[in-house]
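Here's the structure, in structure tokens; my notes come after.
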Amino acid sequence: MRLNKRKIIDRLMLGIISALAIASAIPIFAIAVNVYSEGARYISLNFLIDLPPPPVGGGGGGIGPALVGTLVLVALALAIGGSIGFFTGLYLSEFSHTRLAQYTQMFLQVMVEFPTIIVGLFAYMILVAPLKRFNALAGAIALSIVIIPYIALNVREAYKSIPYTLKEAAFSLGVSAPIAYLRILLSAARRGVLTALLIGLAKAAGETAPLLLTILGTTFTYFGGLDQPINAIPLLIYNFALSPYEKWHQVAWGAAAVLLTIILVIFIVSRLIIKEVKV
Amino acid sequence: MSWAIEVQNLNVWYGDKHIIKNVSFRVPKNVIFAIMGPSGCGKSTLLRAMNRLLDLNPHARVEGQVKINGINVYGDNVDVTWVRRQFGMVFQIPNPFPHLSIYENVALGPKLNGLVKDKSQLDELVKQALQKAYLWDEVKNDLRKPASMLSGGQQQRLCIARALALKPRIILMDEPTANLDPVASSKIEELLLELKEDYTIIIVTHNPQQAARVSDYVAFLYMGELIEIGETSTVFTRPSNILTEKYVLGRMG
């Protein structure tokens, strides 16, 4: 009798926990269904290339300037934040016994949790206020600062995962440390490093807050130079969704579907890289 | 007599721990010199102190001298990459670069160190190294396949070929057969006897029988101290120290 009661409680608890686990996964599906059912129908080649429509009248329009802006910003952020993050991660892995590395790692872990709007505010102070103009470079720097800790900490993991005996093998060939780390061991850690860069890429493509105070956003200009305002997909979604025009709401939905697709593709690619059979 | 390597008053610490205690010995050219001793006696550390691979360990501190051709590898103006190129090293666990092909594993060292002028020279060097390591016939049709497809014994011979391709003077081997089956082990041992024609070989082993089978000279290391050193036949038949006697008779770890 008592055993029965225990069994019932056990079943009940398992049921509740399972239901909660399923519930926690519902938002991602709900969001995807919501975004694609509202936005997918607007996506076409022209939608990716064209200028946004005028608020009233005219055709469907597109998100060309925002897509170009996102590509420019992501490329710059990856070039700046990616290289700084990579070498920081390498340093953290290979000089982990030094105090500098220990402190740096601690600061990076704090930076991961940093509100990104504050990073945007910082970029505003150093690059927007002095130039007296919102500009693409400030956005790229803000995004770089946001992604550096993600890339550095993941590159650190990638290099840490190289077996010590492979490291000894590399150095026993009588090569200098840069060659050992960049020409021999990098390819042993390539999956982890690539994953780190993809995480940075997804982060840079999706962040909105660092851009609010830096790039301003343009509606009808593709690219006017790094010292000029530029647009980005997340910022376009924010601006158009807040607008009173039905047509811009539609463009915002379409842009959301494009952004979600970009993020999902990056996520799937990075999963495939990790899953690839280890040799 | 000119020596392949001279170790003088070598001390190694890991942090506060004294691992190698004032060890001195000399190794003639073209011999197999075995360093034997129970696990944890400092054999591998001693080996890594010779080619300064120990530098990779930030907690290791070395005092004393290791001379090759009269040059102290710990001297002020000595380039550590030069030091390491004088040695070929083979490790306890076969550790070819798993992401590289069989060919690339051997070619990488000479390529990165600029030992060859062109592709045909490199091909020739790779072939020679694989032949010397008795691996060529088994892999000559699979040179582009990943090294990870080889068996453990083949991987270890590939690592020997990788070491030989650097054209070293001395080959350091850290228990090269510890992770191999008996057949693969005896192949490696046969190979060592061939290789000593051209190289000086220093092999670390925790197996006194292996030292007896392959070496010309042997050193017995115990808790970081060099207990006894001499010609292998003498050390095994008339050891001068009671600890050595216990060890070679198998009465000690």
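By order in the structure tokens, chains are A, B, ...; within a chain, residues start at 1; ligands start at 1, following the order shown.
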Surrounding residues of Leu243 of chain B excluding itself and chain neighbours under 6 positions, 12 Å, only C-alpha atoms, as an MDAnalysis selection string: chainID B and resid 37:38 220:223 225:228 235 249:253
Using only C-alpha atoms, find the residues of chain A whose closest atom to chain B is at most 10 Å away, then write them as a PDB file with N, CA and C atoms, in the first residue's frame.
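Done, and the output landed in result_33.pdb:
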ATOM      1  N   GLU A  94      47.014  29.275 -22.890  1.00  0.00           N
ATOM      2  CA  GLU A  94      48.411  28.857 -22.802  1.00  0.00           C
ATOM      3  C   GLU A  94      49.186  29.538 -21.675  1.00  0.00           C
ATOM      4  N   PHE A  95      48.654  30.621 -21.150  1.00  0.00           N
ATOM      5  CA  PHE A  95      49.331  31.286 -20.039  1.00  0.00           C
ATOM      6  C   PHE A  95      48.401  31.340 -18.834  1.00  0.00           C
ATOM      7  N   SER A  96      47.614  30.277 -18.677  1.00  0.00           N
ATOM      8  CA  SER A  96      46.585  30.280 -17.644  1.00  0.00           C
ATOM      9  C   SER A  96      47.189  30.365 -16.243  1.00  0.00           C
ATOM     10  N   HIS A  97      48.494  30.110 -16.122  1.00  0.00           N
ATOM     11  CA  HIS A  97      49.123  30.171 -14.797  1.00  0.00           C
ATOM     12  C   HIS A  97      49.453  31.610 -14.391  1.00  0.00           C
ATOM     13  N   THR A  98      49.398  32.547 -15.372  1.00  0.00           N
ATOM     14  CA  THR A  98      49.779  33.914 -15.020  1.00  0.00           C
ATOM     15  C   THR A  98      48.609  34.654 -14.367  1.00  0.00           C
ATOM     16  N   PRO A 163      44.941  17.713 -26.612  1.00  0.00           N
ATOM     17  CA  PRO A 163      45.694  16.865 -25.676  1.00  0.00           C
ATOM     18  C   PRO A 163      47.127  17.386 -25.499  1.00  0.00           C
ATOM     19  N   TYR A 164      47.629  17.307 -24.248  1.00  0.00           N
ATOM     20  CA  TYR A 164      48.966  17.833 -23.963  1.00  0.00           C
ATOM     21  C   TYR A 164      50.024  17.146 -24.823  1.00  0.00           C
ATOM     22  N   THR A 165      49.800  15.871 -25.100  1.00  0.00           N
ATOM     23  CA  THR A 165      50.798  15.123 -25.860  1.00  0.00           C
ATOM     24  C   THR A 165      50.919  15.666 -27.301  1.00  0.00           C
ATOM     25  N   LEU A 166      49.805  16.202 -27.859  1.00  0.00           N
ATOM     26  CA  LEU A 166      49.884  16.817 -29.187  1.00  0.00           C
ATOM     27  C   LEU A 166      50.664  18.129 -29.135  1.00  0.00           C
ATOM     28  N   LYS A 167      50.480  18.842 -28.035  1.00  0.00           N
ATOM     29  CA  LYS A 167      51.216  20.086 -27.857  1.00  0.00           C
ATOM     30  C   LYS A 167      52.719  19.790 -27.783  1.00  0.00           C
ATOM     31  N   GLU A 168      53.062  18.741 -27.024  1.00  0.00           N
ATOM     32  CA  GLU A 168      54.470  18.351 -26.943  1.00  0.00           C
ATOM     33  C   GLU A 168      54.995  17.945 -28.310  1.00  0.00           C
ATOM     34  N   ALA A 169      54.160  17.205 -29.062  1.00  0.00           N
ATOM     35  CA  ALA A 169      54.586  16.773 -30.390  1.00  0.00           C
ATOM     36  C   ALA A 169      54.870  17.986 -31.271  1.00  0.00           C
ATOM     37  N   ALA A 170      53.993  18.990 -31.207  1.00  0.00           N
ATOM     38  CA  ALA A 170      54.178  20.181 -32.037  1.00  0.00           C
ATOM     39  C   ALA A 170      55.486  20.892 -31.682  1.00  0.00           C
ATOM     40  N   PHE A 171      55.712  21.102 -30.387  1.00  0.00           N
ATOM     41  CA  PHE A 171      56.923  21.836 -29.990  1.00  0.00           C
ATOM     42  C   PHE A 171      58.187  20.996 -30.180  1.00  0.00           C
ATOM     43  N   SER A 172      58.048  19.678 -30.135  1.00  0.00           N
ATOM     44  CA  SER A 172      59.243  18.846 -30.319  1.00  0.00           C
ATOM     45  C   SER A 172      59.774  18.959 -31.744  1.00  0.00           C
ATOM     46  N   LEU A 173      58.971  19.496 -32.667  1.00  0.00           N
ATOM     47  CA  LEU A 173      59.454  19.669 -34.041  1.00  0.00           C
ATOM     48  C   LEU A 173      60.423  20.846 -34.161  1.00  0.00           C
ATOM     49  N   GLY A 174      60.640  21.559 -33.058  1.00  0.00           N
ATOM     50  CA  GLY A 174      61.605  22.645 -33.103  1.00  0.00           C
ATOM     51  C   GLY A 174      61.079  23.876 -33.801  1.00  0.00           C
ATOM     52  N   VAL A 175      59.789  24.128 -33.670  1.00  0.00           N
ATOM     53  CA  VAL A 175      59.215  25.332 -34.277  1.00  0.00           C
ATOM     54  C   VAL A 175      58.970  26.376 -33.188  1.00  0.00           C
ATOM     55  N   SER A 176      58.846  27.633 -33.618  1.00  0.00           N
ATOM     56  CA  SER A 176      58.592  28.699 -32.660  1.00  0.00           C
ATOM     57  C   SER A 176      57.151  28.600 -32.162  1.00  0.00           C
ATOM     58  N   ALA A 177      56.879  29.282 -31.055  1.00  0.00           N
ATOM     59  CA  ALA A 177      55.542  29.200 -30.467  1.00  0.00           C
ATOM     60  C   ALA A 177      54.444  29.681 -31.427  1.00  0.00           C
ATOM     61  N   ILE A 179      54.302  29.497 -34.631  1.00  0.00           N
ATOM     62  CA  ILE A 179      54.057  28.454 -35.634  1.00  0.00           C
ATOM     63  C   ILE A 179      53.370  27.258 -34.999  1.00  0.00           C
ATOM     64  N   ALA A 180      53.817  26.885 -33.808  1.00  0.00           N
ATOM     65  CA  ALA A 180      53.199  25.737 -33.139  1.00  0.00           C
ATOM     66  C   ALA A 180      51.712  26.001 -32.894  1.00  0.00           C
ATOM     67  N   ARG A 183      50.032  27.309 -36.808  1.00  0.00           N
ATOM     68  CA  ARG A 183      50.107  26.458 -37.996  1.00  0.00           C
ATOM     69  C   ARG A 183      49.814  25.001 -37.676  1.00  0.00           C
ATOM     70  N   ILE A 184      50.166  24.536 -36.474  1.00  0.00           N
ATOM     71  CA  ILE A 184      49.970  23.116 -36.174  1.00  0.00           C
ATOM     72  C   ILE A 184      48.749  22.906 -35.286  1.00  0.00           C
ATOM     73  N   LEU A 185      48.728  23.591 -34.138  1.00  0.00           N
ATOM     74  CA  LEU A 185      47.693  23.280 -33.157  1.00  0.00           C
ATOM     75  C   LEU A 185      46.351  23.923 -33.494  1.00  0.00           C
ATOM     76  N   SER A 187      44.866  23.866 -36.278  1.00  0.00           N
ATOM     77  CA  SER A 187      44.030  22.935 -37.037  1.00  0.00           C
ATOM     78  C   SER A 187      43.539  21.800 -36.148  1.00  0.00           C
ATOM     79  N   ALA A 188      44.276  21.502 -35.072  1.00  0.00           N
ATOM     80  CA  ALA A 188      43.762  20.502 -34.131  1.00  0.00           C
ATOM     81  C   ALA A 188      42.573  21.056 -33.346  1.00  0.00           C
ATOM     82  N   ALA A 189      42.525  22.386 -33.193  1.00  0.00           N
ATOM     83  CA  ALA A 189      41.457  23.015 -32.416  1.00  0.00           C
ATOM     84  C   ALA A 189      40.440  23.693 -33.314  1.00  0.00           C
ATOM     85  N   ARG A 190      40.500  23.401 -34.616  1.00  0.00           N
ATOM     86  CA  ARG A 190      39.749  24.228 -35.571  1.00  0.00           C
ATOM     87  C   ARG A 190      38.243  24.198 -35.320  1.00  0.00           C
ATOM     88  N   LYS A 278      34.782  12.968 -34.516  1.00  0.00           N
ATOM     89  CA  LYS A 278      36.150  13.317 -34.129  1.00  0.00           C
ATOM     90  C   LYS A 278      37.108  12.260 -34.635  1.00  0.00           C
ATOM     91  N   VAL A 279      38.159  12.706 -35.313  1.00  0.00           N
ATOM     92  CA  VAL A 279      39.149  11.729 -35.793  1.00  0.00           C
ATOM     93  C   VAL A 279      40.292  11.613 -34.815  1.00  0.00           C
TER      94      VAL A 279
END
Nearest to Phe220 of chain A by atom-to-atom distance, counting only C-alpha atoms, from A:Ile43, A:Ile49, A:Ile274, A:Ile118: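 Residue with the minimum atom-to-atom distance to Phe220 of chain A: A:Ile49.
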Shell of 10 Å around segment 75-86 of chain A, only C-alpha atoms, local chain residues under 2 positions omitted, as a ChimeraX atom specification: /A:69-73,88-92,136-137,139-156,193,196-198,200-201,204-205
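Within the 12 Å cut-off around Gly224 of chain A, using only C-alpha atoms and omitting residues fewer than 2 positions from it on the same chain, the listed residues are A:Pro65, A:Val68, A:Gly69, A:Val72, A:Phe134, A:Asn135, A:Ala136, A:Leu137, A:Ile215, A:Gly217, A:Thr218, A:Phe220, A:Thr221, A:Tyr222, A:Leu226, A:Asp227, A:Gln228, A:Pro229, A:Ile230, A:Asn231.
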Atom CA of Ala158 of chain A to atom CA of Ala123 of chain A, distance in Å rounded to a single decimal: 29.7 Å
Excluding Leu135 of chain B and its own-chain neighbours fewer than 4 positions away, which residues fall within 8 Å of it when counting only C-alpha atoms? Please give them as a CSV table (one decimal) with N, CA and C atoms, in the first residue's frame.
chain,number,residue,atom,x,y,z
B,130,LEU,N,60.1,7.4,-43.8
B,130,LEU,CA,59.1,6.2,-43.6
B,130,LEU,C,59.8,4.9,-43.8
B,131,GLN,N,60.8,4.9,-44.8
B,131,GLN,CA,61.5,3.6,-45.0
B,131,GLN,C,62.4,3.3,-43.7
B,139,VAL,N,52.4,1.8,-46.0
B,139,VAL,CA,51.6,3.0,-46.2
B,139,VAL,C,51.8,3.7,-47.5
B,154,GLN,N,51.6,1.1,-35.9
B,154,GLN,CA,52.0,1.9,-37.1
B,154,GLN,C,52.1,3.3,-36.8
B,157,ARG,N,55.3,4.1,-35.3
B,157,ARG,CA,56.4,4.1,-36.3
B,157,ARG,C,56.3,5.4,-37.1
B,158,LEU,N,55.1,5.8,-37.3
B,158,LEU,CA,54.9,7.1,-38.0
B,158,LEU,C,55.5,8.2,-37.2
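The space separating atom CA of Thr116 of chain A from atom CA of Glu207 of chain A comes to 8.2 Å.
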All alpha helix (DSSP H) positions in segment 153-240 of chain A, as a PyMOL selection string: chain A and resi 153-160+164-172+177-179+186-188+190-206+209-212+233-240
Residues from the last selection, N, CA and C atoms, saved as a short mmCIF file (atom, residue, chain, number, x, y, z; two decimals), in the first residue's frame:
data_model
loop_
_atom_site.label_atom_id
_atom_site.label_comp_id
_atom_site.auth_asym_id
_atom_site.auth_seq_id
_atom_site.Cartn_x
_atom_site.Cartn_y
_atom_site.Cartn_z
N LEU A 153 36.51 33.30 -24.62
CA LEU A 153 36.29 32.18 -23.69
C LEU A 153 36.11 30.87 -24.46
N ASN A 154 35.49 30.93 -25.63
CA ASN A 154 35.33 29.69 -26.40
C ASN A 154 36.62 29.26 -27.09
N VAL A 155 37.43 30.22 -27.54
CA VAL A 155 38.73 29.86 -28.12
C VAL A 155 39.61 29.25 -27.03
N ARG A 156 39.51 29.80 -25.84
CA ARG A 156 40.25 29.23 -24.72
C ARG A 156 39.89 27.75 -24.52
N GLU A 157 38.59 27.47 -24.53
CA GLU A 157 38.15 26.08 -24.40
C GLU A 157 38.71 25.21 -25.52
N ALA A 158 38.68 25.77 -26.74
CA ALA A 158 39.15 25.00 -27.90
C ALA A 158 40.62 24.61 -27.74
N TYR A 159 41.45 25.58 -27.32
CA TYR A 159 42.88 25.26 -27.16
C TYR A 159 43.12 24.39 -25.95
N LYS A 160 42.32 24.58 -24.90
CA LYS A 160 42.48 23.73 -23.70
C LYS A 160 42.18 22.28 -24.02
N TYR A 164 47.63 17.31 -24.25
CA TYR A 164 48.97 17.83 -23.96
C TYR A 164 50.02 17.15 -24.82
N THR A 165 49.80 15.87 -25.10
CA THR A 165 50.80 15.12 -25.86
C THR A 165 50.92 15.67 -27.30
N LEU A 166 49.81 16.20 -27.86
CA LEU A 166 49.88 16.82 -29.19
C LEU A 166 50.66 18.13 -29.13
N LYS A 167 50.48 18.84 -28.03
CA LYS A 167 51.22 20.09 -27.86
C LYS A 167 52.72 19.79 -27.78
N GLU A 168 53.06 18.74 -27.02
CA GLU A 168 54.47 18.35 -26.94
C GLU A 168 55.00 17.94 -28.31
N ALA A 169 54.16 17.21 -29.06
CA ALA A 169 54.59 16.77 -30.39
C ALA A 169 54.87 17.99 -31.27
N ALA A 170 53.99 18.99 -31.21
CA ALA A 170 54.18 20.18 -32.04
C ALA A 170 55.49 20.89 -31.68
N PHE A 171 55.71 21.10 -30.39
CA PHE A 171 56.92 21.84 -29.99
C PHE A 171 58.19 21.00 -30.18
N SER A 172 58.05 19.68 -30.14
CA SER A 172 59.24 18.85 -30.32
C SER A 172 59.77 18.96 -31.74
N ALA A 177 56.88 29.28 -31.06
CA ALA A 177 55.54 29.20 -30.47
C ALA A 177 54.44 29.68 -31.43
N PRO A 178 54.63 30.81 -32.14
CA PRO A 178 53.56 31.21 -33.07
C PRO A 178 53.26 30.14 -34.11
N ILE A 179 54.30 29.50 -34.63
CA ILE A 179 54.06 28.45 -35.63
C ILE A 179 53.37 27.26 -35.00
N LEU A 186 46.38 25.01 -34.26
CA LEU A 186 45.11 25.64 -34.64
C LEU A 186 44.24 24.65 -35.40
N SER A 187 44.87 23.87 -36.28
CA SER A 187 44.03 22.94 -37.04
C SER A 187 43.54 21.80 -36.15
N ALA A 188 44.28 21.50 -35.07
CA ALA A 188 43.76 20.50 -34.13
C ALA A 188 42.57 21.06 -33.35
N ARG A 190 40.50 23.40 -34.62
CA ARG A 190 39.75 24.23 -35.57
C ARG A 190 38.24 24.20 -35.32
N ARG A 191 37.72 23.05 -34.91
CA ARG A 191 36.26 23.00 -34.69
C ARG A 191 35.84 23.96 -33.60
N GLY A 192 36.56 23.91 -32.49
CA GLY A 192 36.21 24.79 -31.38
C GLY A 192 36.38 26.25 -31.74
N VAL A 193 37.45 26.55 -32.48
CA VAL A 193 37.70 27.95 -32.86
C VAL A 193 36.62 28.44 -33.81
N LEU A 194 36.26 27.58 -34.77
CA LEU A 194 35.21 27.95 -35.72
C LEU A 194 33.89 28.16 -35.00
N THR A 195 33.60 27.28 -34.05
CA THR A 195 32.37 27.44 -33.28
C THR A 195 32.38 28.75 -32.52
N ALA A 196 33.54 29.09 -31.95
CA ALA A 196 33.66 30.35 -31.22
C ALA A 196 33.34 31.53 -32.13
N LEU A 197 33.88 31.49 -33.35
CA LEU A 197 33.65 32.59 -34.29
C LEU A 197 32.18 32.64 -34.71
N LEU A 198 31.55 31.47 -34.88
CA LEU A 198 30.14 31.45 -35.26
C LEU A 198 29.26 32.00 -34.15
N ILE A 199 29.61 31.69 -32.90
CA ILE A 199 28.85 32.24 -31.78
C ILE A 199 28.96 33.76 -31.81
N GLY A 200 30.17 34.27 -32.06
CA GLY A 200 30.37 35.71 -32.17
C GLY A 200 29.57 36.31 -33.32
N LEU A 201 29.55 35.56 -34.43
CA LEU A 201 28.82 36.01 -35.62
C LEU A 201 27.33 36.14 -35.31
N ALA A 202 26.77 35.12 -34.68
CA ALA A 202 25.34 35.13 -34.37
C ALA A 202 25.02 36.27 -33.41
N LYS A 203 25.91 36.43 -32.44
CA LYS A 203 25.71 37.49 -31.45
C LYS A 203 25.73 38.86 -32.15
N ALA A 204 26.72 39.07 -33.01
CA ALA A 204 26.87 40.37 -33.69
C ALA A 204 25.69 40.64 -34.61
N ALA A 205 25.16 39.58 -35.25
CA ALA A 205 24.06 39.77 -36.18
C ALA A 205 22.76 40.07 -35.45
N GLY A 206 22.62 39.57 -34.22
CA GLY A 206 21.34 39.67 -33.55
C GLY A 206 21.21 40.79 -32.53
N ALA A 209 20.72 46.36 -28.83
CA ALA A 209 21.00 47.42 -27.87
C ALA A 209 22.29 48.20 -28.15
N PRO A 210 23.40 47.52 -28.53
CA PRO A 210 24.63 48.30 -28.77
C PRO A 210 24.50 49.24 -29.96
N LEU A 211 23.48 48.99 -30.82
CA LEU A 211 23.35 49.80 -32.04
C LEU A 211 22.48 51.03 -31.83
N LEU A 212 21.62 50.98 -30.81
CA LEU A 212 20.65 52.06 -30.61
C LEU A 212 21.33 53.41 -30.48
N ILE A 233 19.56 45.01 -39.43
CA ILE A 233 18.25 44.36 -39.40
C ILE A 233 17.56 44.47 -38.03
N PRO A 234 18.27 44.18 -36.92
CA PRO A 234 17.55 44.28 -35.63
C PRO A 234 17.04 45.70 -35.37
N LEU A 235 17.84 46.69 -35.78
CA LEU A 235 17.44 48.08 -35.56
C LEU A 235 16.24 48.44 -36.43
N LEU A 236 16.24 47.93 -37.66
CA LEU A 236 15.10 48.16 -38.55
C LEU A 236 13.83 47.58 -37.95
N ILE A 237 13.94 46.38 -37.40
CA ILE A 237 12.75 45.75 -36.80
C ILE A 237 12.23 46.65 -35.68
N TYR A 238 13.16 47.12 -34.85
CA TYR A 238 12.78 47.97 -33.72
C TYR A 238 12.10 49.24 -34.22
N ASN A 239 12.71 49.93 -35.17
CA ASN A 239 12.18 51.21 -35.65
C ASN A 239 10.85 51.05 -36.40
N PHE A 240 10.80 50.04 -37.29
CA PHE A 240 9.59 49.88 -38.10
C PHE A 240 8.42 49.36 -37.27
#
Within 6 Å of Lys21 of chain B using only C-alpha atoms, minus same-chain residues under 2 positions, as a ChimeraX atom specification: /B:11,23,224-225
Restricted to N, CA and C atoms, what would the selected residues look like written as a compact mmCIF listing (two decimals), in the first residue's frame?
# COMPACT_ATOMS: atom_id res chain seq x y z
N ASN B 11 69.54 19.51 -12.18
CA ASN B 11 68.49 19.50 -11.15
C ASN B 11 67.21 20.04 -11.77
N VAL B 23 71.91 15.10 -11.30
CA VAL B 23 72.23 13.97 -12.15
C VAL B 23 73.30 14.35 -13.17
N GLY B 224 64.57 10.27 -8.49
CA GLY B 224 65.26 11.45 -8.98
C GLY B 224 66.77 11.39 -8.87
N GLU B 225 67.30 10.30 -8.32
CA GLU B 225 68.76 10.19 -8.21
C GLU B 225 69.27 9.12 -9.16
Sel. of strand (DSSP E) residues, segment 78-173 of chain B, as a PyMOL selection string: chain B and resi 87-90+170-173
Any chance you can output those residues with C-alpha atoms as a tab-separated table (two decimals), in the first residue's frame?
chain	number	residue	atom	x	y	z
B	87	PHE	CA	66.56	15.89	-31.11
B	88	GLY	CA	63.81	13.75	-32.52
B	89	MET	CA	61.27	12.82	-29.91
B	90	VAL	CA	58.93	9.85	-29.67
B	170	ILE	CA	69.76	12.22	-31.07
B	171	ILE	CA	66.44	10.44	-30.73
B	172	LEU	CA	64.65	10.64	-27.41
B	173	MET	CA	62.08	7.97	-26.70
